[in-house]
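Asker: Below is a structure I'd like to ask you about.
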Amino acid sequence: MRYHTPTSFQEASRLAAASGGLLRYLAGGTDVLVQMRAGMVQPDELIDLKHIPGVFDISRTADGGWRIGVAVPGRALGAHEALCRDWPGVVEGMNLVGSTQVQGRATLVGNLCNGSPAADSVPGLVAAGATVTVTGPDSSREMPVEAIPTAPGRTALKKGELISAVTLPPRGPRGGDAYLRFIPRTEMDIAVVGAAVNLTLDGDRIATARVALGAVAPTVLLVEEAAKAIIGSTLDDAALDRLAAASSAAAKPISDKRGTVEFRVDVAGVLARRAAQIAYDRAKGTGK
Amino acid sequence: MKKVHVTTNVNGDQVEFLADPRETLLDCLRNHLDLTGTKEGCGTGDCGACSVTLDGTLVCSCLVLGVEAEGKKIETIEGMASDGELHPLQRKFIEHAALQCGFCTPGILVAAKSLLDTNPDPSESEIRFWLAGNLCRCTGYDKIVRAVQDAAAEMRGAA
């Protein structure tokens with residue numbers, strides 16, 4: 001295995017494009033090192049991205065959004081007060097990943113590119129309308145987060161491409177987001193179902209909304225029908241019922257040791273409903 | 001496999017070693033630097049027995065490569081007592097019998113110290129959440145939590 005420490009994303013991309021063997025990028029390493037240890041993955045090239053300037057930065061974009069470096073660990077997101085005020089749902093999703101030790105290393109982009117349908121940080125990013133910058137050997141492009149995972153463990157990134165930053169849109173006034181997951185214990189477990197809701201208000205009515213579900217399909221789902229179910233409403237009981245029904249209808253899970261199809265379908269609706277209430281209260285400034 | 005020369009700081013001392021790039025920081029600490037206080041439990045970041053701090057952040061050293069330590073500051077259990085004087089956490093773990101076999105203890109002490117460095121007065125639930133990534137299979141969690149609370153109180157001058 002060759003260990004590389006490029007100092008720009010273009011250099012990392014060129015290394016990757018020129019590689020003939022198995023390649024992995026290293027940021028937090030909380031998935032890659034586990035796979036290497038288990039013998040699942042024995043990379044020929046390991047490209048450490050942490051020597052690239054800016055990868056540990058969380059910065060405001062010109063339009064009032066946020067740009068998050070690819071090596072920013074969960075713990076740094078949770079410690080960033082202004083980011084937590086704008087996007088508490090995104091941060092609480094990431095902060096559910098693993099232990100304190102894992103939070104010291106694990107990153108949003110790693111969680112996304114690992115490609116788990118149950119990745120806790122991804123529904124919040126999708127609901128937020130986050131994008132990622134994909135750098136290739138010749139150029140860069142922006143892609144919505146929901147376009148990255150294509151199947152369990154697979155992404156839409158081509159050979160020589162890598163993600164060089166995450167961008168969150170401006171929060172704007174009267175917006176809120178939230179992420180909830182179900183696990184059978186209180187900590188350190190993989191989501192059986194996850195739900196994220198992001199919305200903005202016009203008065204008491206929901207002006208815009210995005211709803212994302214995790215662990216109920218091969219990839220995290222953006223559920224437009226669920227968003228439509230609450231847009232224009234004051235999140236009254238009828239709207240919440242429609243949201244839950246649309247979320248359950250969109251869930252296409254498998255049964256495994258952590259939950260059955262029936263359970264996951266039902267809980268997708270329950271969590272969407274609860275997450276929407278939290279997001280709504282946050283948007284009104286009455287929630288935490 | 002070409003080895004990489006790594007210079008890093010462990011417990012305040014500048015050290016050097018040659019690492020196979022596949023070796024974890026845990027392997028390098030134990031096998032190249034003979035710092036065997038950091039234990040290998042699962043090797044996959046689940047148990048916390050290999051906890052160290054890397055530039056002040058608590059991590060599992062099994063999930064860090066040795067080559068990543070270049071130019072960093074690492075604190076391990078060996079750096080916890082100073083001048084033969086046990087750290088209050090170490091003393092309180094003994095007083096409260098917060099260990100049985102002791103294998104998880106170095107990792108838990110390093111993790112608990114990291115907690116008290118950032119939060120001198122944690123609640124019981126903050127302690128339990130912070131230490132959720134440190135497994136003790138002798139099931140001594142309650143005594144561990146009491147020992148951390150007592151050490152925190154002493155360090156605050158409240159005991």
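Quick note on naming: the chains in the structure tokens go A, B, ... in the order shown, residues restart at 1 in each chain, and ligands are numbered from 1 in order of appearance.
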Select from chain B every residue with an atom at most 12 Å from any atom of chain A, then for each give the shortest pair of atoms and their distance in Å to one decimal, using only C-alpha atoms, rows by chain and rising number, as a tab-separated table.
Answerer:
residue	atom	partner	partner_atom	distance
B:Met1	CA	A:Met1	CA	7.1
B:Lys2	CA	A:Arg2	CA	8.0
B:Lys3	CA	A:Arg2	CA	9.8
B:Val4	CA	A:Tyr3	CA	9.0
B:Ala19	CA	A:Tyr3	CA	11.1
B:Asp20	CA	A:Met1	CA	9.0
B:Pro21	CA	A:Tyr3	CA	6.3
B:Arg22	CA	A:Met1	CA	7.2
B:Glu23	CA	A:Arg37	CA	9.8
B:Thr24	CA	A:Leu33	CA	8.5
B:Leu25	CA	A:Leu33	CA	11.2
B:Cys42	CA	A:Val34	CA	10.2
B:Gly43	CA	A:Arg37	CA	7.5
B:Thr44	CA	A:Val34	CA	5.2
B:Gly45	CA	A:Val102	CA	7.2
B:Asp46	CA	A:Ser99	CA	8.0
B:Cys47	CA	A:Ser99	CA	9.4
B:Gly48	CA	A:Gln101	CA	7.4
B:Ala49	CA	A:Gln101	CA	10.7
B:Cys50	CA	A:Gln101	CA	9.9
B:Ser51	CA	A:Gln101	CA	7.3
B:Val52	CA	A:Gln101	CA	8.9
B:Thr53	CA	A:Gln101	CA	9.1
B:Leu54	CA	A:Gly104	CA	9.1
B:Asp55	CA	A:Gly104	CA	10.5
B:Gly56	CA	A:Gly104	CA	9.7
B:Thr57	CA	A:Gly104	CA	6.0
B:Leu58	CA	A:Gln101	CA	5.3
B:Val59	CA	A:Gln101	CA	4.2
B:Cys60	CA	A:Gln101	CA	5.7
B:Ser61	CA	A:Gln101	CA	9.2
B:Cys62	CA	A:Leu33	CA	8.0
B:Leu63	CA	A:Leu33	CA	5.8
B:Val64	CA	A:Gly29	CA	6.8
B:Leu65	CA	A:Leu33	CA	8.1
B:Gly66	CA	A:Tyr3	CA	11.3
B:Val67	CA	A:Tyr3	CA	8.5
B:Glu68	CA	A:Asp48	CA	8.5
B:Ala69	CA	A:Lys50	CA	11.6
B:Glu70	CA	A:His51	CA	11.1
B:Gly71	CA	A:His51	CA	11.7
B:Gly107	CA	A:Gln101	CA	10.5
B:Ile108	CA	A:Gln101	CA	11.2
B:Val110	CA	A:Gln101	CA	10.9
B:Ala111	CA	A:Gln101	CA	8.3
B:Ala112	CA	A:Thr100	CA	10.9
B:Ser114	CA	A:Thr100	CA	10.1
B:Leu115	CA	A:Thr100	CA	9.6
B:Thr118	CA	A:Ala79	CA	11.4
B:Ser125	CA	A:Thr186	CA	11.4
B:Glu126	CA	A:Thr100	CA	11.2
B:Ile127	CA	A:Thr100	CA	11.0
B:Arg128	CA	A:Glu187	CA	10.0
B:Phe129	CA	A:Glu187	CA	7.6
B:Trp130	CA	A:Thr100	CA	5.8
B:Leu131	CA	A:Thr100	CA	7.3
B:Ala132	CA	A:Ser99	CA	6.2
B:Gly133	CA	A:Ser99	CA	4.7
B:Asn134	CA	A:Ser99	CA	8.4
B:Leu135	CA	A:Ser99	CA	10.9
Asker: Find the residues near range 275-285 of chain A: any atom within 7 Å, counting only C-alpha atoms, skip ones fewer than 4 places away on the same chain, and give them as a PyMOL selection string.
Answerer: chain A and resi 174-180+195-201+271
Asker: For those residues, write N, CA and C atoms to a file as an mmCIF file, in the first residue's frame.
Answerer:
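Result written to selection-v8.cif:
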data_model
loop_
_atom_site.group_PDB
_atom_site.id
_atom_site.type_symbol
_atom_site.label_atom_id
_atom_site.label_comp_id
_atom_site.auth_asym_id
_atom_site.auth_seq_id
_atom_site.Cartn_x
_atom_site.Cartn_y
_atom_site.Cartn_z
ATOM 1 N N ARG A 174 -36.788 32.067 9.975
ATOM 2 C CA ARG A 174 -37.929 31.178 10.202
ATOM 3 C C ARG A 174 -37.792 29.842 9.490
ATOM 4 N N GLY A 175 -36.660 29.236 9.694
ATOM 5 C CA GLY A 175 -36.463 27.879 9.200
ATOM 6 C C GLY A 175 -36.021 26.971 10.332
ATOM 7 N N GLY A 176 -36.262 25.680 10.179
ATOM 8 C CA GLY A 176 -35.805 24.735 11.188
ATOM 9 C C GLY A 176 -35.639 23.359 10.582
ATOM 10 N N ASP A 177 -34.760 22.569 11.185
ATOM 11 C CA ASP A 177 -34.603 21.188 10.721
ATOM 12 C C ASP A 177 -34.388 20.269 11.918
ATOM 13 N N ALA A 178 -34.585 18.998 11.698
ATOM 14 C CA ALA A 178 -34.442 18.025 12.787
ATOM 15 C C ALA A 178 -34.199 16.641 12.199
ATOM 16 N N TYR A 179 -33.481 15.819 12.943
ATOM 17 C CA TYR A 179 -33.270 14.415 12.559
ATOM 18 C C TYR A 179 -33.552 13.528 13.762
ATOM 19 N N LEU A 180 -34.271 12.466 13.528
ATOM 20 C CA LEU A 180 -34.517 11.453 14.558
ATOM 21 C C LEU A 180 -34.233 10.089 13.960
ATOM 22 N N ALA A 195 -35.226 9.700 10.094
ATOM 23 C CA ALA A 195 -36.063 10.671 9.371
ATOM 24 C C ALA A 195 -35.578 12.079 9.647
ATOM 25 N N ALA A 196 -35.444 12.866 8.585
ATOM 26 C CA ALA A 196 -35.049 14.268 8.715
ATOM 27 C C ALA A 196 -36.088 15.146 8.041
ATOM 28 N N VAL A 197 -36.402 16.258 8.674
ATOM 29 C CA VAL A 197 -37.337 17.226 8.099
ATOM 30 C C VAL A 197 -36.705 18.605 8.194
ATOM 31 N N ASN A 198 -36.799 19.350 7.097
ATOM 32 C CA ASN A 198 -36.320 20.723 7.051
ATOM 33 C C ASN A 198 -37.445 21.556 6.482
ATOM 34 N N LEU A 199 -37.772 22.672 7.122
ATOM 35 C CA LEU A 199 -38.885 23.479 6.620
ATOM 36 C C LEU A 199 -38.657 24.961 6.900
ATOM 37 N N THR A 200 -39.363 25.784 6.143
ATOM 38 C CA THR A 200 -39.387 27.219 6.420
ATOM 39 C C THR A 200 -40.835 27.645 6.562
ATOM 40 N N LEU A 201 -41.058 28.728 7.296
ATOM 41 C CA LEU A 201 -42.411 29.196 7.579
ATOM 42 C C LEU A 201 -42.678 30.540 6.934
ATOM 43 N N LEU A 271 -41.505 8.676 12.928
ATOM 44 C CA LEU A 271 -40.335 9.555 13.089
ATOM 45 C C LEU A 271 -40.464 10.811 12.237
#
Asker: List the neighbours of range 78-83 of chain A out to 8 Å using only C-alpha atoms; skip same-chain residues closer than 4 positions along the sequence, and give me the result as a PDB file with N, CA and C atoms, in the first residue's frame.
Answerer:
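Heads up, here's the output in selection_36.pdb:
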ATOM      1  N   TRP A  66     -23.079  27.644   4.518  1.00  0.00           N
ATOM      2  CA  TRP A  66     -21.887  27.126   5.182  1.00  0.00           C
ATOM      3  C   TRP A  66     -21.130  26.197   4.255  1.00  0.00           C
ATOM      4  N   GLY A  74     -17.162  15.107  13.440  1.00  0.00           N
ATOM      5  CA  GLY A  74     -18.465  15.365  14.052  1.00  0.00           C
ATOM      6  C   GLY A  74     -18.369  16.248  15.277  1.00  0.00           C
ATOM      7  N   TRP A  87     -28.330  24.924  11.518  1.00  0.00           N
ATOM      8  CA  TRP A  87     -28.672  23.589  11.027  1.00  0.00           C
ATOM      9  C   TRP A  87     -28.566  22.526  12.128  1.00  0.00           C
ATOM     10  N   PRO A  88     -29.396  22.677  13.184  1.00  0.00           N
ATOM     11  CA  PRO A  88     -29.299  21.709  14.292  1.00  0.00           C
ATOM     12  C   PRO A  88     -29.585  20.278  13.858  1.00  0.00           C
ATOM     13  N   VAL A  91     -26.459  18.722  12.278  1.00  0.00           N
ATOM     14  CA  VAL A  91     -25.432  18.432  13.282  1.00  0.00           C
ATOM     15  C   VAL A  91     -25.865  17.269  14.177  1.00  0.00           C
ATOM     16  N   GLU A  92     -27.153  17.235  14.579  1.00  0.00           N
ATOM     17  CA  GLU A  92     -27.554  16.158  15.485  1.00  0.00           C
ATOM     18  C   GLU A  92     -27.495  14.800  14.781  1.00  0.00           C
ATOM     19  N   ASN A  95     -23.801  13.872  14.871  1.00  0.00           N
ATOM     20  CA  ASN A  95     -23.353  13.609  16.248  1.00  0.00           C
ATOM     21  C   ASN A  95     -23.874  12.289  16.808  1.00  0.00           C
TER      22      ASN A  95
END
Asker: If you run DSSP over the backbone, which residues in range 47-156 of chain B end up helix (DSSP H, G or I)? Put them as a PyMOL selection string.
Answerer: chain B and resi 61-63+66-69+77-79+88-95+105-118+124-133+141-156
Asker: Write to file, as an mmCIF file, in the first residue's frame, the residues of the selection just made, with C-alpha atoms.
Answerer:
data_model
loop_
_atom_site.group_PDB
_atom_site.id
_atom_site.type_symbol
_atom_site.label_atom_id
_atom_site.label_comp_id
_atom_site.auth_asym_id
_atom_site.auth_seq_id
_atom_site.Cartn_x
_atom_site.Cartn_y
_atom_site.Cartn_z
ATOM 1 C CA SER B 61 -5.644 4.751 18.255
ATOM 2 C CA CYS B 62 -6.700 1.625 16.324
ATOM 3 C CA LEU B 63 -8.561 3.948 13.911
ATOM 4 C CA GLY B 66 0.870 5.584 12.607
ATOM 5 C CA VAL B 67 1.858 7.713 9.621
ATOM 6 C CA GLU B 68 -0.940 10.144 10.464
ATOM 7 C CA ALA B 69 0.832 10.945 13.742
ATOM 8 C CA ILE B 77 -2.027 6.565 29.732
ATOM 9 C CA GLU B 78 1.723 6.567 30.387
ATOM 10 C CA GLY B 79 1.632 10.363 30.539
ATOM 11 C CA PRO B 88 -6.819 12.055 40.772
ATOM 12 C CA LEU B 89 -8.773 9.847 38.352
ATOM 13 C CA GLN B 90 -6.264 7.032 38.790
ATOM 14 C CA ARG B 91 -6.432 7.367 42.568
ATOM 15 C CA LYS B 92 -10.224 7.433 42.595
ATOM 16 C CA PHE B 93 -10.431 4.376 40.339
ATOM 17 C CA ILE B 94 -8.405 2.491 42.933
ATOM 18 C CA GLU B 95 -10.412 3.877 45.869
ATOM 19 C CA THR B 105 -8.953 0.870 32.460
ATOM 20 C CA PRO B 106 -6.208 2.776 30.594
ATOM 21 C CA GLY B 107 -8.653 3.687 27.824
ATOM 22 C CA ILE B 108 -11.349 4.700 30.283
ATOM 23 C CA LEU B 109 -8.923 6.846 32.279
ATOM 24 C CA VAL B 110 -7.703 8.621 29.135
ATOM 25 C CA ALA B 111 -11.315 9.141 28.004
ATOM 26 C CA ALA B 112 -12.433 10.357 31.433
ATOM 27 C CA LYS B 113 -9.520 12.797 31.646
ATOM 28 C CA SER B 114 -10.466 14.133 28.228
ATOM 29 C CA LEU B 115 -14.029 14.678 29.509
ATOM 30 C CA LEU B 116 -12.900 16.524 32.649
ATOM 31 C CA ASP B 117 -10.502 18.666 30.613
ATOM 32 C CA THR B 118 -13.482 20.009 28.650
ATOM 33 C CA GLU B 124 -23.949 11.438 35.507
ATOM 34 C CA SER B 125 -25.622 11.151 32.127
ATOM 35 C CA GLU B 126 -22.902 13.264 30.471
ATOM 36 C CA ILE B 127 -20.320 10.897 31.938
ATOM 37 C CA ARG B 128 -22.230 7.837 30.717
ATOM 38 C CA PHE B 129 -22.669 9.229 27.201
ATOM 39 C CA TRP B 130 -19.037 10.355 26.970
ATOM 40 C CA LEU B 131 -17.817 6.926 28.047
ATOM 41 C CA ALA B 132 -20.314 4.980 25.905
ATOM 42 C CA GLY B 133 -17.464 4.066 23.557
ATOM 43 C CA TYR B 141 -19.744 0.826 34.874
ATOM 44 C CA ASP B 142 -21.410 2.070 38.036
ATOM 45 C CA LYS B 143 -18.188 2.184 40.020
ATOM 46 C CA ILE B 144 -16.444 3.812 37.062
ATOM 47 C CA VAL B 145 -19.054 6.581 36.962
ATOM 48 C CA ARG B 146 -18.784 7.118 40.743
ATOM 49 C CA ALA B 147 -14.995 7.269 40.509
ATOM 50 C CA VAL B 148 -15.155 9.864 37.717
ATOM 51 C CA GLN B 149 -17.669 11.947 39.680
ATOM 52 C CA ASP B 150 -15.522 11.795 42.798
ATOM 53 C CA ALA B 151 -12.340 12.689 40.911
ATOM 54 C CA ALA B 152 -14.125 15.580 39.211
ATOM 55 C CA ALA B 153 -15.338 16.876 42.568
ATOM 56 C CA GLU B 154 -11.843 16.642 44.037
ATOM 57 C CA MET B 155 -10.307 18.378 41.031
ATOM 58 C CA ARG B 156 -12.861 21.189 41.366
#
Asker: Using the chain letters and numbers from this document, which residues of range 40-150 of chain B does DSSP assign to strand (DSSP E or B), as a PyMOL selection string?
Answerer: chain B and resi 51-54+57-60+65+73-75+82+85
Asker: Using CA of Ala226 in chain A and CA of Val211 in chain A as the two end points, give the distance in Å to one decimal.
Answerer: 6.3 Å
Asker: Would you mind telling me which residue in A:Arg60, A:Arg14, A:Arg273, A:Lys252 lies nearest to Leu235 in chain A when using only C-alpha atoms?
Answerer: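 With only C-alpha atoms as the atom set, the closest residue is A:Arg273.
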